[in-house]
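Everything below belongs to structure21.pdb, which stores PDB, C-alpha atoms and all ligand atoms.
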```
ATOM      1  CA  MET A 160      -1.794 -30.809  -4.066  1.00  0.00           C
ATOM      2  CA  ALA A 161       0.112 -33.852  -2.835  1.00  0.00           C
ATOM      3  CA  SER A 162      -1.819 -33.994   0.420  1.00  0.00           C
ATOM      4  CA  LEU A 163      -5.104 -34.527  -1.460  1.00  0.00           C
ATOM      5  CA  VAL A 164      -3.925 -37.914  -2.698  1.00  0.00           C
ATOM      6  CA  GLY A 165      -4.679 -40.718  -0.250  1.00  0.00           C
ATOM      7  CA  ARG A 166      -3.486 -43.910  -1.891  1.00  0.00           C
ATOM      8  CA  GLN A 167      -1.465 -44.083  -5.023  1.00  0.00           C
ATOM      9  CA  LEU A 168      -0.177 -46.886  -7.209  1.00  0.00           C
ATOM     10  CA  ILE A 169       3.091 -46.752  -9.099  1.00  0.00           C
ATOM     11  CA  VAL A 170       3.257 -49.203 -11.992  1.00  0.00           C
ATOM     12  CA  PHE A 171       6.735 -49.974 -13.275  1.00  0.00           C
ATOM     13  CA  ASP A 172       7.782 -51.496 -16.526  1.00  0.00           C
ATOM     14  CA  PHE A 173      11.186 -53.071 -15.807  1.00  0.00           C
ATOM     15  CA  ASP A 174      13.608 -52.973 -18.773  1.00  0.00           C
ATOM     16  CA  TRP A 175      14.706 -49.435 -19.643  1.00  0.00           C
ATOM     17  CA  SER A 176      12.208 -48.058 -17.124  1.00  0.00           C
ATOM     18  CA  MET A 177      13.189 -49.189 -13.648  1.00  0.00           C
ATOM     19  CA  ALA A 178      16.510 -50.584 -14.943  1.00  0.00           C
ATOM     20  CA  ASP A 179      18.818 -48.800 -17.370  1.00  0.00           C
ATOM     21  CA  GLN A 180      19.121 -51.736 -19.760  1.00  0.00           C
ATOM     22  CA  ASP A 181      17.181 -54.623 -21.262  1.00  0.00           C
ATOM     23  CA  THR A 182      17.677 -57.874 -19.319  1.00  0.00           C
ATOM     24  CA  ASP A 183      16.850 -60.269 -22.188  1.00  0.00           C
ATOM     25  CA  ARG A 184      19.490 -58.729 -24.436  1.00  0.00           C
ATOM     26  CA  TRP A 185      22.063 -57.743 -21.823  1.00  0.00           C
ATOM     27  CA  ILE A 186      22.790 -61.212 -20.445  1.00  0.00           C
ATOM     28  CA  PHE A 187      23.719 -62.371 -23.953  1.00  0.00           C
ATOM     29  CA  GLU A 188      25.677 -59.210 -24.770  1.00  0.00           C
ATOM     30  CA  VAL A 189      27.773 -59.961 -21.692  1.00  0.00           C
ATOM     31  CA  ASN A 190      28.082 -63.733 -22.053  1.00  0.00           C
ATOM     32  CA  ALA A 191      27.422 -64.761 -25.647  1.00  0.00           C
ATOM     33  CA  PRO A 192      27.331 -61.927 -28.212  1.00  0.00           C
ATOM     34  CA  ASP A 193      26.802 -64.401 -31.065  1.00  0.00           C
ATOM     35  CA  LEU A 194      23.510 -65.464 -29.463  1.00  0.00           C
ATOM     36  CA  ARG A 195      22.615 -61.797 -29.105  1.00  0.00           C
ATOM     37  CA  ARG A 196      23.169 -61.408 -32.849  1.00  0.00           C
ATOM     38  CA  LYS A 197      21.106 -64.489 -33.558  1.00  0.00           C
ATOM     39  CA  MET A 198      18.221 -63.082 -31.510  1.00  0.00           C
ATOM     40  CA  LYS A 199      18.353 -59.866 -33.471  1.00  0.00           C
ATOM     41  CA  ASN A 200      18.193 -61.820 -36.713  1.00  0.00           C
ATOM     42  CA  LEU A 201      15.298 -64.016 -35.570  1.00  0.00           C
ATOM     43  CA  LYS A 202      13.159 -61.523 -33.677  1.00  0.00           C
ATOM     44  CA  ASP A 203      10.609 -61.017 -36.439  1.00  0.00           C
ATOM     45  CA  GLU A 204      10.182 -64.778 -36.939  1.00  0.00           C
ATOM     46  CA  VAL A 205      10.092 -66.164 -33.398  1.00  0.00           C
ATOM     47  CA  GLN A 206       7.892 -64.800 -30.588  1.00  0.00           C
ATOM     48  CA  TRP A 207      10.169 -62.904 -28.219  1.00  0.00           C
ATOM     49  CA  THR A 208       9.660 -64.923 -25.002  1.00  0.00           C
ATOM     50  CA  ASP A 209      10.169 -68.155 -26.954  1.00  0.00           C
ATOM     51  CA  LEU A 210      13.306 -66.678 -28.488  1.00  0.00           C
ATOM     52  CA  VAL A 211      14.722 -65.822 -25.065  1.00  0.00           C
ATOM     53  CA  ALA A 212      13.935 -69.360 -23.826  1.00  0.00           C
ATOM     54  CA  GLN A 213      15.565 -70.901 -26.892  1.00  0.00           C
ATOM     55  CA  SER A 214      18.686 -68.723 -26.537  1.00  0.00           C
ATOM     56  CA  LEU A 215      18.998 -69.707 -22.871  1.00  0.00           C
ATOM     57  CA  ARG A 216      18.852 -73.380 -23.883  1.00  0.00           C
ATOM     58  CA  GLU A 217      21.604 -72.836 -26.450  1.00  0.00           C
ATOM     59  CA  PHE A 218      23.729 -70.998 -23.898  1.00  0.00           C
ATOM     60  CA  HIS A 219      23.285 -73.823 -21.404  1.00  0.00           C
ATOM     61  CA  ALA A 220      24.029 -76.514 -24.020  1.00  0.00           C
ATOM     62  CA  ARG A 221      27.432 -74.974 -24.730  1.00  0.00           C
ATOM     63  CA  GLY A 222      28.332 -74.903 -21.042  1.00  0.00           C
ATOM     64  CA  GLY A 223      27.013 -71.476 -20.032  1.00  0.00           C
ATOM     65  CA  LYS A 224      26.560 -71.254 -16.270  1.00  0.00           C
ATOM     66  CA  ARG A 225      23.836 -69.948 -13.990  1.00  0.00           C
ATOM     67  CA  GLU A 226      26.487 -67.862 -12.181  1.00  0.00           C
ATOM     68  CA  GLN A 227      27.361 -66.049 -15.423  1.00  0.00           C
ATOM     69  CA  ILE A 228      23.756 -65.033 -15.947  1.00  0.00           C
ATOM     70  CA  GLU A 229      23.321 -63.954 -12.335  1.00  0.00           C
ATOM     71  CA  GLU A 230      26.530 -61.930 -12.389  1.00  0.00           C
ATOM     72  CA  ALA A 231      25.451 -60.176 -15.597  1.00  0.00           C
ATOM     73  CA  LEU A 232      22.111 -59.301 -13.999  1.00  0.00           C
ATOM     74  CA  ARG A 233      23.656 -57.988 -10.800  1.00  0.00           C
ATOM     75  CA  THR A 234      26.053 -55.748 -12.709  1.00  0.00           C
ATOM     76  CA  MET A 235      23.522 -54.513 -15.272  1.00  0.00           C
ATOM     77  CA  PRO A 236      23.175 -50.707 -15.335  1.00  0.00           C
ATOM     78  CA  PHE A 237      20.711 -49.599 -12.693  1.00  0.00           C
ATOM     79  CA  HIS A 238      20.753 -45.993 -11.594  1.00  0.00           C
ATOM     80  CA  PRO A 239      21.276 -45.340  -7.877  1.00  0.00           C
ATOM     81  CA  ALA A 240      18.765 -42.485  -8.145  1.00  0.00           C
ATOM     82  CA  MET A 241      16.093 -45.039  -9.048  1.00  0.00           C
ATOM     83  CA  VAL A 242      16.832 -47.022  -5.896  1.00  0.00           C
ATOM     84  CA  ARG A 243      16.550 -43.850  -3.801  1.00  0.00           C
ATOM     85  CA  ALA A 244      13.425 -42.711  -5.640  1.00  0.00           C
ATOM     86  CA  VAL A 245      11.412 -45.856  -4.926  1.00  0.00           C
ATOM     87  CA  GLN A 246      12.736 -46.340  -1.394  1.00  0.00           C
ATOM     88  CA  ASN A 247      11.800 -42.798  -0.382  1.00  0.00           C
ATOM     89  CA  LEU A 248       8.351 -43.050  -1.893  1.00  0.00           C
ATOM     90  CA  LYS A 249       7.723 -46.420  -0.266  1.00  0.00           C
ATOM     91  CA  ALA A 250       8.809 -45.036   3.108  1.00  0.00           C
ATOM     92  CA  GLY A 251       6.140 -42.325   2.761  1.00  0.00           C
ATOM     93  CA  GLY A 252       3.537 -45.054   3.304  1.00  0.00           C
ATOM     94  CA  LYS A 253       0.804 -44.089   0.844  1.00  0.00           C
ATOM     95  CA  THR A 254       2.182 -45.778  -2.253  1.00  0.00           C
ATOM     96  CA  SER A 255       1.802 -49.327  -3.592  1.00  0.00           C
ATOM     97  CA  PHE A 256       4.069 -50.671  -6.335  1.00  0.00           C
ATOM     98  CA  LEU A 257       3.245 -53.054  -9.181  1.00  0.00           C
ATOM     99  CA  CYS A 258       5.726 -54.379 -11.741  1.00  0.00           C
ATOM    100  CA  LEU A 259       4.378 -55.189 -15.236  1.00  0.00           C
ATOM    101  CA  SER A 260       7.149 -56.601 -17.358  1.00  0.00           C
ATOM    102  CA  ASN A 261       7.809 -58.694 -20.420  1.00  0.00           C
ATOM    103  CA  ALA A 262      11.097 -59.957 -18.940  1.00  0.00           C
ATOM    104  CA  ASN A 263      10.774 -62.855 -16.495  1.00  0.00           C
ATOM    105  CA  SER A 264      10.469 -63.528 -12.774  1.00  0.00           C
ATOM    106  CA  ILE A 265      14.061 -64.694 -12.276  1.00  0.00           C
ATOM    107  CA  PHE A 266      15.746 -61.779 -14.061  1.00  0.00           C
ATOM    108  CA  ILE A 267      13.661 -59.281 -12.129  1.00  0.00           C
ATOM    109  CA  SER A 268      13.951 -60.895  -8.683  1.00  0.00           C
ATOM    110  CA  THR A 269      17.719 -61.388  -9.063  1.00  0.00           C
ATOM    111  CA  ILE A 270      18.230 -57.707  -9.835  1.00  0.00           C
ATOM    112  CA  LEU A 271      15.827 -56.434  -7.175  1.00  0.00           C
ATOM    113  CA  LYS A 272      17.571 -58.576  -4.568  1.00  0.00           C
ATOM    114  CA  SER A 273      20.971 -57.167  -5.543  1.00  0.00           C
ATOM    115  CA  LYS A 274      19.605 -53.627  -4.984  1.00  0.00           C
ATOM    116  CA  GLY A 275      17.908 -54.403  -1.666  1.00  0.00           C
ATOM    117  CA  LEU A 276      14.490 -53.979  -3.275  1.00  0.00           C
ATOM    118  CA  SER A 277      13.076 -57.501  -2.882  1.00  0.00           C
ATOM    119  CA  ASP A 278      10.095 -56.219  -0.885  1.00  0.00           C
ATOM    120  CA  LEU A 279       9.251 -53.256  -3.093  1.00  0.00           C
ATOM    121  CA  PHE A 280       6.489 -54.674  -5.252  1.00  0.00           C
ATOM    122  CA  GLU A 281       3.117 -55.914  -4.157  1.00  0.00           C
ATOM    123  CA  GLU A 282       3.094 -58.065  -7.289  1.00  0.00           C
ATOM    124  CA  ILE A 283       5.439 -58.760 -10.177  1.00  0.00           C
ATOM    125  CA  VAL A 284       3.392 -59.653 -13.231  1.00  0.00           C
ATOM    126  CA  THR A 285       5.708 -61.153 -15.833  1.00  0.00           C
ATOM    127  CA  ASN A 286       6.690 -64.349 -17.639  1.00  0.00           C
ATOM    128  CA  PRO A 287       7.338 -67.258 -15.240  1.00  0.00           C
ATOM    129  CA  ALA A 288      10.867 -68.658 -15.009  1.00  0.00           C
ATOM    130  CA  GLU A 289      12.763 -71.179 -12.913  1.00  0.00           C
ATOM    131  CA  TRP A 290      16.238 -72.630 -12.639  1.00  0.00           C
ATOM    132  CA  ASP A 291      16.368 -76.344 -13.214  1.00  0.00           C
ATOM    133  CA  PRO A 292      18.881 -78.326 -11.103  1.00  0.00           C
ATOM    134  CA  ASN A 293      21.372 -78.398 -13.998  1.00  0.00           C
ATOM    135  CA  GLY A 294      21.535 -74.628 -14.168  1.00  0.00           C
ATOM    136  CA  LEU A 295      19.262 -74.125 -17.165  1.00  0.00           C
ATOM    137  CA  LEU A 296      16.934 -71.145 -16.836  1.00  0.00           C
ATOM    138  CA  LYS A 297      13.539 -72.188 -18.146  1.00  0.00           C
ATOM    139  CA  VAL A 298      11.353 -69.274 -19.253  1.00  0.00           C
ATOM    140  CA  ARG A 299       7.738 -69.615 -20.367  1.00  0.00           C
ATOM    141  CA  ARG A 300       5.189 -67.218 -21.796  1.00  0.00           C
ATOM    142  CA  ARG A 301       2.764 -65.778 -19.232  1.00  0.00           C
ATOM    143  CA  ILE A 302      -0.043 -66.914 -21.543  1.00  0.00           C
ATOM    144  CA  ALA A 303       0.965 -70.188 -23.215  1.00  0.00           C
ATOM    145  CA  PRO A 304       0.073 -70.526 -26.911  1.00  0.00           C
ATOM    146  CA  ASP A 305      -2.234 -73.477 -26.119  1.00  0.00           C
ATOM    147  CA  ALA A 306      -3.874 -71.945 -23.034  1.00  0.00           C
ATOM    148  CA  PRO A 307      -7.678 -71.836 -23.120  1.00  0.00           C
ATOM    149  CA  TYR A 308      -7.680 -68.093 -22.480  1.00  0.00           C
ATOM    150  CA  GLN A 309      -5.873 -65.829 -24.943  1.00  0.00           C
ATOM    151  CA  HIS A 310      -5.910 -62.079 -24.354  1.00  0.00           C
ATOM    152  CA  GLN A 311      -8.188 -59.845 -26.376  1.00  0.00           C
ATOM    153  CA  CYS A 312      -5.840 -56.903 -26.913  1.00  0.00           C
ATOM    154  CA  LYS A 313      -6.561 -54.715 -29.932  1.00  0.00           C
ATOM    155  CA  VAL A 314      -3.621 -52.346 -29.693  1.00  0.00           C
ATOM    156  CA  GLY A 315      -0.779 -54.721 -30.455  1.00  0.00           C
ATOM    157  CA  CYS A 316       0.459 -56.409 -27.255  1.00  0.00           C
ATOM    158  CA  SER A 317       2.550 -59.535 -27.820  1.00  0.00           C
ATOM    159  CA  PRO A 318       0.597 -62.853 -27.548  1.00  0.00           C
ATOM    160  CA  ASN A 319       2.350 -63.798 -24.288  1.00  0.00           C
ATOM    161  CA  MET A 320       0.843 -60.925 -22.299  1.00  0.00           C
ATOM    162  CA  CYS A 321      -1.376 -57.844 -22.608  1.00  0.00           C
ATOM    163  CA  LYS A 322      -0.173 -55.273 -20.099  1.00  0.00           C
ATOM    164  CA  GLY A 323      -3.488 -53.410 -20.274  1.00  0.00           C
ATOM    165  CA  GLU A 324      -5.521 -56.469 -19.298  1.00  0.00           C
ATOM    166  CA  GLU A 325      -2.981 -57.296 -16.590  1.00  0.00           C
ATOM    167  CA  LEU A 326      -3.311 -53.815 -15.092  1.00  0.00           C
ATOM    168  CA  ASP A 327      -7.106 -54.074 -15.051  1.00  0.00           C
ATOM    169  CA  ALA A 328      -6.908 -57.550 -13.499  1.00  0.00           C
ATOM    170  CA  PHE A 329      -4.540 -56.312 -10.776  1.00  0.00           C
ATOM    171  CA  LEU A 330      -6.879 -53.438  -9.890  1.00  0.00           C
ATOM    172  CA  GLU A 331      -9.797 -55.848  -9.711  1.00  0.00           C
ATOM    173  CA  ARG A 332      -7.870 -58.377  -7.591  1.00  0.00           C
ATOM    174  CA  HIS A 333      -6.891 -55.744  -5.094  1.00  0.00           C
ATOM    175  CA  GLY A 334     -10.177 -53.946  -4.858  1.00  0.00           C
ATOM    176  CA  VAL A 335      -8.393 -50.882  -3.461  1.00  0.00           C
ATOM    177  CA  HIS A 336      -9.292 -47.490  -4.786  1.00  0.00           C
ATOM    178  CA  PHE A 337      -6.239 -45.596  -5.927  1.00  0.00           C
ATOM    179  CA  ASP A 338      -6.655 -41.835  -6.087  1.00  0.00           C
ATOM    180  CA  ARG A 339      -3.849 -41.723  -8.587  1.00  0.00           C
ATOM    181  CA  ILE A 340      -1.935 -44.205 -10.740  1.00  0.00           C
ATOM    182  CA  ILE A 341       1.487 -43.330 -12.081  1.00  0.00           C
ATOM    183  CA  TYR A 342       2.920 -45.559 -14.806  1.00  0.00           C
ATOM    184  CA  VAL A 343       6.647 -45.548 -15.545  1.00  0.00           C
ATOM    185  CA  GLY A 344       7.379 -46.960 -19.002  1.00  0.00           C
ATOM    186  CA  ASP A 345       9.415 -46.709 -22.163  1.00  0.00           C
ATOM    187  CA  GLY A 346       8.334 -49.334 -24.690  1.00  0.00           C
ATOM    188  CA  SER A 347       5.661 -49.599 -27.355  1.00  0.00           C
ATOM    189  CA  ASN A 348       4.009 -52.344 -25.274  1.00  0.00           C
ATOM    190  CA  ASP A 349       3.463 -49.834 -22.467  1.00  0.00           C
ATOM    191  CA  PHE A 350       1.013 -47.961 -24.683  1.00  0.00           C
ATOM    192  CA  CYS A 351      -1.885 -50.385 -24.093  1.00  0.00           C
ATOM    193  CA  PRO A 352      -2.006 -50.050 -20.283  1.00  0.00           C
ATOM    194  CA  ILE A 353      -1.721 -46.260 -20.289  1.00  0.00           C
ATOM    195  CA  LEU A 354      -4.845 -46.056 -22.469  1.00  0.00           C
ATOM    196  CA  ARG A 355      -6.700 -47.365 -19.400  1.00  0.00           C
ATOM    197  CA  LEU A 356      -5.511 -44.534 -17.143  1.00  0.00           C
ATOM    198  CA  ARG A 357      -7.775 -41.651 -16.069  1.00  0.00           C
ATOM    199  CA  SER A 358      -7.256 -37.899 -16.289  1.00  0.00           C
ATOM    200  CA  GLN A 359      -5.910 -37.747 -12.702  1.00  0.00           C
ATOM    201  CA  ASP A 360      -3.322 -40.441 -13.526  1.00  0.00           C
ATOM    202  CA  MET A 361       0.088 -39.902 -15.050  1.00  0.00           C
ATOM    203  CA  ILE A 362       2.531 -41.571 -17.405  1.00  0.00           C
ATOM    204  CA  LEU A 363       6.229 -40.971 -16.818  1.00  0.00           C
ATOM    205  CA  CYS A 364       7.416 -41.745 -20.318  1.00  0.00           C
ATOM    206  CA  ARG A 365      11.098 -42.318 -20.973  1.00  0.00           C
ATOM    207  CA  LYS A 366      12.297 -40.220 -23.881  1.00  0.00           C
ATOM    208  CA  PHE A 367      13.686 -41.429 -27.208  1.00  0.00           C
ATOM    209  CA  ARG A 368      12.077 -44.873 -27.120  1.00  0.00           C
ATOM    210  CA  GLY A 369       9.032 -46.683 -28.504  1.00  0.00           C
ATOM    211  CA  LEU A 370       6.436 -45.350 -26.082  1.00  0.00           C
ATOM    212  CA  GLU A 371       7.277 -41.723 -26.816  1.00  0.00           C
ATOM    213  CA  ARG A 372       6.828 -42.413 -30.519  1.00  0.00           C
ATOM    214  CA  ARG A 373       3.511 -44.197 -29.992  1.00  0.00           C
ATOM    215  CA  ILE A 374       2.118 -41.438 -27.794  1.00  0.00           C
ATOM    216  CA  ALA A 375       3.034 -38.872 -30.453  1.00  0.00           C
ATOM    217  CA  LYS A 376       1.525 -40.929 -33.259  1.00  0.00           C
ATOM    218  CA  GLU A 377      -1.518 -42.573 -31.672  1.00  0.00           C
ATOM    219  CA  GLY A 378      -2.139 -40.901 -28.298  1.00  0.00           C
ATOM    220  CA  GLU A 379      -4.811 -38.475 -29.409  1.00  0.00           C
ATOM    221  CA  LYS A 380      -6.474 -40.883 -31.820  1.00  0.00           C
ATOM    222  CA  GLU A 381      -6.743 -43.598 -29.150  1.00  0.00           C
ATOM    223  CA  GLY A 382      -8.089 -41.177 -26.542  1.00  0.00           C
ATOM    224  CA  LEU A 383      -5.160 -41.057 -24.109  1.00  0.00           C
ATOM    225  CA  LYS A 384      -6.530 -39.243 -21.055  1.00  0.00           C
ATOM    226  CA  CYS A 385      -3.735 -39.254 -18.470  1.00  0.00           C
ATOM    227  CA  GLN A 386      -1.139 -36.558 -17.931  1.00  0.00           C
ATOM    228  CA  VAL A 387       2.161 -37.192 -19.728  1.00  0.00           C
ATOM    229  CA  ARG A 388       5.591 -36.291 -18.345  1.00  0.00           C
ATOM    230  CA  TYR A 389       8.856 -37.150 -20.050  1.00  0.00           C
ATOM    231  CA  TRP A 390      12.181 -38.085 -18.507  1.00  0.00           C
ATOM    232  CA  ALA A 391      15.538 -39.339 -19.721  1.00  0.00           C
ATOM    233  CA  GLY A 392      17.564 -40.194 -16.596  1.00  0.00           C
ATOM    234  CA  ALA A 393      16.414 -41.827 -13.362  1.00  0.00           C
ATOM    235  CA  TRP A 394      17.451 -38.698 -11.440  1.00  0.00           C
ATOM    236  CA  GLU A 395      14.449 -37.018 -13.079  1.00  0.00           C
ATOM    237  CA  VAL A 396      12.123 -39.771 -11.866  1.00  0.00           C
ATOM    238  CA  GLU A 397      13.536 -39.210  -8.390  1.00  0.00           C
ATOM    239  CA  GLU A 398      12.758 -35.514  -8.751  1.00  0.00           C
ATOM    240  CA  ILE A 399       9.167 -36.178  -9.840  1.00  0.00           C
ATOM    241  CA  PHE A 400       8.596 -38.807  -7.122  1.00  0.00           C
ATOM    242  CA  GLY A 401       9.902 -36.290  -4.594  1.00  0.00           C
ATOM    243  CA  SER A 402       7.080 -33.917  -5.543  1.00  0.00           C
ATOM    244  CA  LEU A 403       4.247 -36.478  -5.257  1.00  0.00           C
TER     245      LEU A 403
HETATM  246 MG    MG B   1      10.707 -51.429 -21.103  1.00  0.00          MG
HETATM  247 ZN    ZN B   2      -2.739 -54.876 -24.724  1.00  0.00          ZN
END
```

For the file at hand, write its structure as structure tokens.
Amino acid sequence: MASLVGRQLIVFDFDWSMADQDTDRWIFEVNAPDLRRKMKNLKDEVQWTDLVAQSLREFHARGGKREQIEEALRTMPFHPAMVRAVQNLKAGGKTSFLCLSNANSIFISTILKSKGLSDLFEEIVTNPAEWDPNGLLKVRRRIAPDAPYQHQCKVGCSPNMCKGEELDAFLERHGVHFDRIIYVGDGSNDFCPILRLRSQDMILCRKFRGLERRIAKEGEKEGLKCQVRYWAGAWEVEEIFGSL
């Protein structure tokens, strides 16, 4: 079967999909648990990307350092089997990789660099971020609240980004035909993009998290067409990638 597939695209969510933790929460759990608690308390009132940006400003204002954030990112749980899985698939030559994440560009690039994976992705579609010279990490929404274009998502993506629209836009930008798309995700916001997948495509859904619950509850009703495979540990993703 594998030989029938010419080009394939692997789409990765980042937190709890490629990595074994959530970057936005982890850096505060490591460096400022009280800010982590505050985020939990405020998450239904403040849009998530804004809340991360605000928490980073508070951390910086009390003397929190860039090095502390970078060290937390580099030591965040990340399964060695995931590194092997993507490196082996990339070496095979027929696979392109896209990252679609609600984290931010600095968190993701810092971690990828620490794993030797800086060149893995063709594109990383996420919230923009930059270090200012004083060591404050400035994070912005991918779609600003006052931007002329706001996404049209009907299945509940956060205002900062619709992963479904972003996947469609990537495919259009690249103009390459992919015989198969495989999406690796865990969260409820990964449900929108997988609705756009075809019957020959596949979702590798991490167990016990929001996406599994949404597929069970809404998959049939929303017309989910792709194949669904479940995994819990990255070693299982490595196993599946090995069979592609
Ligand atoms: Mg995730
Ligand atoms: Zn959406």

Name the residues, using the chain letters and numbers of the file, that sit within 12 Å of (25.7, -61.6, -23.3) when counting only C-alpha atoms, and give them as JSON, numbers by chain. {"A": [181, 182, 183, 184, 185, 186, 187, 188, 189, 190, 191, 192, 193, 194, 195, 196, 197, 198, 211, 214, 215, 218, 223, 224, 227, 228, 229, 230, 231, 232, 235]}

Excluding stretch 383-400 of chain A and residues on its chain fewer than 4 positions from it, collect all residues at most 9 Å away from it, counting all atoms listed in the file, and give them as a PyMOL selection string. chain A and resi 176-179+237-245+247-248+343+353-367+371+374+377-379

Please report, as JSON lines, each residue of chain A lying at most 8 Å from ligand MG 1 (chain B), together with the nearest pair of atoms and the separation in Å rounded to one decimal; use only C-alpha atoms and all ligand atoms, and order rows by chain and ascending residue number.
```
{"residue": "A:Asp172", "atom": "CA", "partner": "B:MG1", "partner_atom": "MG", "distance": 5.4}
{"residue": "A:Phe173", "atom": "CA", "partner": "B:MG1", "partner_atom": "MG", "distance": 5.6}
{"residue": "A:Asp174", "atom": "CA", "partner": "B:MG1", "partner_atom": "MG", "distance": 4.0}
{"residue": "A:Trp175", "atom": "CA", "partner": "B:MG1", "partner_atom": "MG", "distance": 4.7}
{"residue": "A:Ser176", "atom": "CA", "partner": "B:MG1", "partner_atom": "MG", "distance": 5.4}
{"residue": "A:Asp181", "atom": "CA", "partner": "B:MG1", "partner_atom": "MG", "distance": 7.2}
{"residue": "A:Ser260", "atom": "CA", "partner": "B:MG1", "partner_atom": "MG", "distance": 7.3}
{"residue": "A:Asn261", "atom": "CA", "partner": "B:MG1", "partner_atom": "MG", "distance": 7.9}
{"residue": "A:Gly344", "atom": "CA", "partner": "B:MG1", "partner_atom": "MG", "distance": 6.0}
{"residue": "A:Asp345", "atom": "CA", "partner": "B:MG1", "partner_atom": "MG", "distance": 5.0}
{"residue": "A:Gly346", "atom": "CA", "partner": "B:MG1", "partner_atom": "MG", "distance": 4.8}
{"residue": "A:Asn348", "atom": "CA", "partner": "B:MG1", "partner_atom": "MG", "distance": 7.9}
{"residue": "A:Asp349", "atom": "CA", "partner": "B:MG1", "partner_atom": "MG", "distance": 7.5}
```

Residues contacting ligand ZN 2 (chain B) - anything with an atom at most 7 Å away, using all atoms listed in the file - can you give me those as an mmCIF file with C-alpha atoms, keeping the file's coordinate frame?
```cif
data_model
loop_
_atom_site.group_PDB
_atom_site.id
_atom_site.type_symbol
_atom_site.label_atom_id
_atom_site.label_comp_id
_atom_site.auth_asym_id
_atom_site.auth_seq_id
_atom_site.Cartn_x
_atom_site.Cartn_y
_atom_site.Cartn_z
ATOM 1 C CA CYS A 312 -5.840 -56.903 -26.913
ATOM 2 C CA LYS A 313 -6.561 -54.715 -29.932
ATOM 3 C CA VAL A 314 -3.621 -52.346 -29.693
ATOM 4 C CA GLY A 315 -0.779 -54.721 -30.455
ATOM 5 C CA CYS A 316 0.459 -56.409 -27.255
ATOM 6 C CA CYS A 321 -1.376 -57.844 -22.608
ATOM 7 C CA LYS A 322 -0.173 -55.273 -20.099
ATOM 8 C CA GLY A 323 -3.488 -53.410 -20.274
ATOM 9 C CA GLU A 324 -5.521 -56.469 -19.298
ATOM 10 C CA CYS A 351 -1.885 -50.385 -24.093
ATOM 11 C CA PRO A 352 -2.006 -50.050 -20.283
#
```

One decimal, Å: what's the distance from atom CA of A:Asn200 over to atom CA of A:Lys297, could you say?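 For atom CA of A:Asn200 relative to atom CA of A:Lys297, the distance reads 21.8 Å.
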
Spatial neighbours of stretch 338-340 of chain A, max dist 6 Å, only C-alpha atoms, sep filter under 3 positions, as a PDB file with C-alpha atoms, in the frame of the given file:
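Contents of the output file part_11.pdb:
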```pdb
ATOM      1  CA  VAL A 164      -3.925 -37.914  -2.698  1.00  0.00           C
ATOM      2  CA  ARG A 166      -3.486 -43.910  -1.891  1.00  0.00           C
ATOM      3  CA  GLN A 167      -1.465 -44.083  -5.023  1.00  0.00           C
ATOM      4  CA  LEU A 168      -0.177 -46.886  -7.209  1.00  0.00           C
ATOM      5  CA  ILE A 169       3.091 -46.752  -9.099  1.00  0.00           C
ATOM      6  CA  ASP A 360      -3.322 -40.441 -13.526  1.00  0.00           C
TER       7      ASP A 360
END
```

Would you list the residues near (9.2, -56.0, -2.0) (no more than 12 Å away, in the coordinates of the file, using only C-alpha atoms) as a PyMOL selection string? chain A and resi 245-246+249+255-258+267-268+271-272+274-283

Can you list, as a list in words, the residues that the PyMOL selection byres (((chain A and resi 299) around 8) and not hetatm) selects here?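 Taken on the displayed file, the PyMOL selection byres (((chain A and resi 299) around 8) and not hetatm) yields the residues Thr208, Asp209, Ala212, Asn286, Pro287, Ala288, Lys297, Val298, Arg300, Arg301 and Ala303 of chain A.
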
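Atom CA of A:Trp290 is positioned 28.5 Å from atom CA of A:Arg332.
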
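Of the residues under consideration (A:Arg225, A:Glu217, A:Phe350, A:Thr254), A:Thr254 shows the shortest atom-to-atom contact distance to A:Phe337 when counting all atoms listed in the file.
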
One decimal, in Å: what's the spacing between atom CA of A:Thr285 and atom CA of A:Met320? 8.1 Å

Would you please work out which residue, of A:His310, A:Ser317, A:Ile341, A:Glu325, is nearest to A:Asp203 when using only C-alpha atoms? A:Ser317

Taking every listed atom of stretch 317-325 of chain A and adding 3 Å to each side, what centre and edge lengths in Å (one decimal) does the axis-aligned box have, as AutoDock Vina command-line options?
```
--center_x -1.5 --center_y -58.6 --center_z -22.2 --size_x 14.1 --size_y 16.4 --size_z 17.2
```

Please rebuild stretch 213-218 of chain A with N, CA and C atoms and return the result as a PDB file, in the frame of the given file.
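Result saved to part_9.pdb:
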```pdb
ATOM      1  N   GLN A 213      14.734 -70.122 -25.961  1.00  0.00           N
ATOM      2  CA  GLN A 213      15.565 -70.901 -26.892  1.00  0.00           C
ATOM      3  C   GLN A 213      17.046 -70.497 -26.776  1.00  0.00           C
ATOM      4  N   SER A 214      17.303 -69.203 -26.651  1.00  0.00           N
ATOM      5  CA  SER A 214      18.686 -68.723 -26.537  1.00  0.00           C
ATOM      6  C   SER A 214      19.310 -69.177 -25.219  1.00  0.00           C
ATOM      7  N   LEU A 215      18.500 -69.215 -24.160  1.00  0.00           N
ATOM      8  CA  LEU A 215      18.998 -69.707 -22.871  1.00  0.00           C
ATOM      9  C   LEU A 215      19.348 -71.193 -22.963  1.00  0.00           C
ATOM     10  N   ARG A 216      18.549 -71.954 -23.707  1.00  0.00           N
ATOM     11  CA  ARG A 216      18.852 -73.380 -23.883  1.00  0.00           C
ATOM     12  C   ARG A 216      20.165 -73.554 -24.655  1.00  0.00           C
ATOM     13  N   GLU A 217      20.352 -72.741 -25.680  1.00  0.00           N
ATOM     14  CA  GLU A 217      21.604 -72.836 -26.450  1.00  0.00           C
ATOM     15  C   GLU A 217      22.810 -72.474 -25.581  1.00  0.00           C
ATOM     16  N   PHE A 218      22.648 -71.432 -24.792  1.00  0.00           N
ATOM     17  CA  PHE A 218      23.729 -70.998 -23.898  1.00  0.00           C
ATOM     18  C   PHE A 218      24.091 -72.123 -22.915  1.00  0.00           C
TER      19      PHE A 218
END
```
